[in-house]
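One file, data28.cif, is given below (mmCIF, C-alpha atoms).
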data_final
#
loop_
_atom_site.label_atom_id
_atom_site.label_comp_id
_atom_site.auth_asym_id
_atom_site.auth_seq_id
_atom_site.Cartn_x
_atom_site.Cartn_y
_atom_site.Cartn_z
CA MET A 28 -11.76 -277.72 143.70
CA SER A 29 -12.36 -273.94 143.85
CA ILE A 30 -15.28 -272.22 145.56
CA PHE A 31 -16.77 -271.47 142.13
CA ASP A 32 -16.88 -275.21 141.39
CA LYS A 33 -18.85 -275.76 144.58
CA LEU A 34 -21.42 -273.08 143.82
CA LYS A 35 -24.37 -274.31 141.81
CA SER A 36 -26.38 -271.11 141.40
CA GLN A 37 -25.66 -268.98 138.34
CA ALA A 38 -27.23 -265.97 140.11
CA LEU A 39 -24.83 -266.30 143.03
CA LEU A 40 -21.86 -266.76 140.70
CA GLU A 41 -22.78 -263.56 138.86
CA LEU A 42 -23.23 -261.77 142.16
CA ILE A 43 -19.84 -262.84 143.51
CA ARG A 44 -18.12 -261.76 140.31
CA ASP A 45 -19.85 -258.36 140.33
CA PRO A 46 -17.45 -255.73 141.78
CA ARG A 47 -20.46 -253.88 143.20
CA LEU A 48 -20.85 -256.70 145.73
CA VAL A 49 -17.86 -255.28 147.60
CA ASP A 50 -19.70 -251.97 147.98
CA LEU A 51 -22.83 -253.78 149.08
CA VAL A 52 -21.05 -255.90 151.71
CA VAL A 53 -18.28 -253.56 152.90
CA ARG A 54 -19.84 -250.13 152.49
CA ARG A 55 -23.46 -251.35 152.71
CA GLU A 56 -24.50 -249.35 149.70
CA PHE A 57 -25.14 -249.76 146.02
CA ARG A 58 -24.99 -247.35 143.12
CA VAL A 59 -26.86 -247.48 139.83
CA THR A 60 -25.84 -245.01 137.14
CA GLN A 61 -28.34 -243.12 135.04
CA GLU A 62 -26.80 -244.81 131.99
CA GLU A 63 -27.77 -248.25 133.33
CA ILE A 64 -31.33 -247.09 133.95
CA GLN A 65 -31.42 -245.37 130.54
CA ARG A 66 -30.48 -248.64 128.79
CA GLU A 67 -33.31 -250.46 130.60
CA ILE A 68 -35.85 -247.79 129.64
CA GLU A 69 -34.71 -247.73 126.01
CA SER A 70 -34.91 -251.50 125.70
CA ARG A 71 -38.44 -251.71 127.13
CA ALA A 72 -40.36 -248.46 126.66
CA ALA A 73 -39.45 -246.85 123.34
CA ASP A 74 -41.94 -247.42 120.51
CA GLU A 75 -43.75 -245.48 117.78
CA GLU A 76 -45.73 -243.44 120.35
CA LEU A 77 -42.92 -242.87 122.87
CA GLN A 78 -39.79 -241.52 121.21
CA GLU A 79 -36.40 -240.11 122.23
CA LEU A 80 -36.78 -241.18 125.87
CA GLU A 81 -34.05 -239.86 128.14
CA LEU A 82 -33.61 -240.24 131.88
CA ARG A 83 -31.57 -237.83 134.01
CA VAL A 84 -30.83 -238.27 137.70
CA HIS A 85 -30.33 -235.01 139.62
CA ASP A 86 -29.83 -234.20 143.29
CA GLY A 87 -33.14 -235.11 144.90
CA TYR A 88 -35.17 -235.99 141.80
CA VAL A 89 -35.31 -237.88 138.51
CA GLU A 90 -36.45 -236.47 135.16
CA LEU A 91 -37.75 -238.43 132.21
CA SER A 92 -38.13 -236.60 128.92
CA GLY A 93 -39.05 -237.54 125.40
CA ARG A 94 -41.66 -237.10 122.72
CA VAL A 95 -45.11 -238.62 122.50
CA LYS A 96 -46.83 -239.13 119.15
CA LYS A 97 -50.59 -239.51 119.08
CA ARG A 98 -52.46 -240.57 115.95
CA MET A 99 -54.76 -237.56 116.00
CA VAL A 100 -51.88 -235.05 116.23
CA PRO A 101 -49.63 -234.63 113.17
CA PHE A 102 -46.45 -234.03 115.24
CA ALA A 103 -44.71 -235.44 118.31
CA ILE A 104 -45.29 -233.52 121.56
CA PRO A 105 -42.26 -233.11 123.83
CA PHE A 106 -42.76 -233.92 127.51
CA LEU A 107 -40.80 -233.75 130.75
CA ALA A 108 -41.79 -235.68 133.88
CA ARG A 109 -40.14 -235.03 137.25
CA PHE A 110 -40.27 -237.62 140.06
CA SER A 111 -39.16 -237.46 143.68
CA LEU A 112 -38.81 -240.22 146.25
CA HIS A 113 -42.07 -240.73 148.14
CA SER A 114 -41.39 -243.84 150.24
CA LEU A 115 -39.75 -247.25 150.50
CA GLU A 116 -41.40 -250.56 151.26
CA PHE A 117 -38.92 -253.31 151.99
CA SER A 118 -40.24 -256.41 153.74
CA LEU A 119 -40.55 -260.14 153.13
CA ARG A 120 -43.76 -259.50 151.16
CA SER A 121 -42.77 -256.44 149.17
CA LYS A 122 -39.64 -254.74 147.93
CA ALA A 123 -40.76 -251.49 146.34
CA VAL A 124 -39.73 -247.89 145.81
CA HIS A 125 -42.55 -245.36 145.44
CA LEU A 126 -41.91 -242.26 143.35
CA LYS A 127 -44.17 -239.22 143.38
CA LEU A 128 -44.93 -237.58 140.05
CA GLU A 129 -44.08 -233.96 140.90
CA GLU A 130 -44.60 -232.39 137.52
CA LEU A 131 -45.47 -233.31 133.96
CA LYS A 132 -44.96 -230.71 131.24
CA PRO A 133 -46.47 -229.41 129.03
CA LEU A 134 -49.67 -231.08 130.28
CA ASP A 135 -50.48 -233.29 133.23
CA LEU A 136 -51.81 -236.28 131.30
CA ASP A 137 -52.52 -239.49 133.19
CA TRP A 138 -52.61 -241.46 129.92
CA LEU A 139 -48.98 -240.49 129.21
CA THR A 140 -47.84 -241.66 132.64
CA LYS A 141 -49.85 -244.86 132.33
CA ARG A 142 -48.46 -245.48 128.83
CA LEU A 143 -44.88 -245.13 130.08
CA VAL A 144 -45.49 -247.37 133.07
CA GLU A 145 -47.36 -250.12 131.22
CA LYS A 146 -44.37 -250.62 128.91
CA ILE A 147 -42.09 -251.59 131.80
CA PRO A 148 -43.41 -254.71 133.58
CA PHE A 149 -41.88 -253.95 136.99
CA LEU A 150 -43.55 -250.52 137.26
CA SER A 151 -47.09 -249.65 138.30
CA PHE A 152 -49.00 -246.37 138.63
CA ALA A 153 -51.76 -245.45 141.09
CA ASP A 154 -52.80 -242.33 142.99
CA GLY A 155 -50.01 -240.19 141.53
CA LEU A 156 -47.30 -242.67 142.55
CA VAL A 157 -45.10 -244.74 140.28
CA THR A 158 -44.02 -247.92 142.06
CA LEU A 159 -40.85 -249.77 141.14
CA HIS A 160 -41.28 -253.41 142.21
CA LEU A 161 -37.67 -254.43 142.83
CA ALA A 162 -38.40 -258.16 143.09
CA GLN A 163 -39.74 -258.07 139.51
CA VAL A 164 -36.65 -256.43 137.98
CA PRO A 165 -35.11 -259.39 136.10
CA ARG A 166 -31.59 -259.04 137.50
CA LEU A 167 -32.81 -258.53 141.07
CA ALA A 168 -35.53 -261.21 140.95
CA ARG A 169 -32.95 -263.99 140.60
CA LEU A 170 -30.99 -262.53 143.48
CA PHE A 171 -33.97 -262.17 145.84
CA ALA A 172 -35.08 -265.75 145.03
CA TYR A 173 -31.66 -267.32 145.69
CA GLN A 174 -31.75 -270.02 148.40
CA VAL A 175 -29.15 -271.93 150.37
CA LYS A 176 -30.74 -275.11 151.77
CA GLY A 177 -34.13 -273.39 152.00
CA PHE A 178 -32.71 -270.19 153.53
CA ARG A 179 -33.10 -267.01 151.48
CA PRO A 180 -30.27 -264.67 152.57
CA PHE A 181 -31.64 -261.66 150.70
CA ASP A 182 -34.84 -261.78 152.76
CA HIS A 183 -32.68 -260.37 155.55
CA ILE A 184 -31.26 -257.44 153.59
CA VAL A 185 -33.27 -254.24 153.99
CA LEU A 186 -33.16 -251.06 151.98
CA LYS A 187 -32.68 -248.31 154.57
CA ASP A 188 -32.45 -245.32 152.30
CA ILE A 189 -32.34 -244.37 148.65
CA SER A 190 -31.26 -241.04 147.24
CA PHE A 191 -30.90 -239.40 143.89
CA ARG A 192 -27.53 -237.77 143.20
CA ASP A 193 -26.28 -236.21 139.99
CA GLY A 194 -25.96 -239.10 137.54
CA GLU A 195 -26.73 -241.97 139.93
CA VAL A 196 -29.11 -243.58 142.38
CA VAL A 197 -27.52 -244.51 145.71
CA GLY A 198 -29.07 -246.96 148.15
CA ARG A 199 -28.00 -247.85 151.68
CA VAL A 200 -28.75 -251.34 152.96
CA GLY A 201 -28.79 -253.04 156.34
CA VAL A 202 -29.15 -256.53 157.70
CA MET A 203 -32.30 -257.61 159.54
CA LEU A 204 -31.74 -260.42 162.01
#

Represent the structure of the file as structure tokens.
Amino acid sequence: MSIFDKLKSQALLELIRDPRLVDLVVRREFRVTQEEIQREIESRAADEELQELELRVHDGYVELSGRVKKRMVPFAIPFLARFSLHSLEFSLRSKAVHLKLEELKPLDLDWLTKRLVEKIPFLSFADGLVTLHLAQVPRLARLFAYQVKGFRPFDHIVLKDISFRDGEVVGRVGVML
């Protein structure tokens, strides 16, 4: 009987088979490409009002661009939003990344930011910060909830740092004993 036969959790099986686990365990880091994030945004946020959404990860910041179509305006208005890392919150209660809205062109419109955020269930917006609730991201939620005889191993993994690099988001993790 192989180890895979002994494992009963589909989430753990997927995790073990994911080559990024090696980076997480050995190098204590993870990488998410802008293409992966782009696919998530396209599948959840694009609609008749929000069009041509595109995410770009640069050194130190993230840009989201697209077009917004309002009923009262006969054409779609292009926009560009730039976000930087504000803070991390990684505890037993909360696993969140807070992004600061640095700039929104051509106009700083709260309704546009709120519209973008309300389309993606694991995001929230308050006081100029967009919060990414990691425990609500479908793929991560299963992982954080995984238990071995009542013990949740991912409660002891902490996000130490996150950075934006050209084309990817890089996070460094540690173990909390």

Matched chain/residue IDs from the PyMOL selection byres ((chain A and resi 105) around 6), as a PyMOL selection string: chain A and resi 93-94+104+106

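From CA of Ala108 in chain A back to CA of Ser121 in chain A, the distance works out to 25.8 Å.
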
Matched chain/residue IDs from the PyMOL selection byres ((chain A and resi 139-148) around 8), as a list of chain:residue names: A:Ile68, A:Arg71, A:Ala72, A:Leu77, A:Val95, A:Leu136, A:Asp137, A:Trp138, A:Phe149, A:Leu150, A:Ser151, A:Phe152, A:Val157, A:Gln163

Reference answer for the PyMOL selection byres ((chain A and resi 196) around 7), as a list of chain:residue names: A:Arg58, A:Val59, A:Thr60, A:Ser190, A:Phe191, A:Arg192, A:Glu195, A:Val197, A:Gly198

From A:Ser111, A:Gln78, A:Ser92, A:Thr158, residue lying nearest Ala123 in chain A [only C-alpha atoms]: A:Thr158

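Going from CA of Gly201 in chain A to CA of Phe178 in chain A covers 17.8 Å.
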
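Across the structure, CA of Ile189 in chain A and CA of Val164 in chain A are spaced 16.7 Å apart.
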
Pick from A:Asp188, A:Leu161, A:Glu63, A:Arg55 nearest to His113 in chain A, counting all atoms listed in the file: A:Asp188
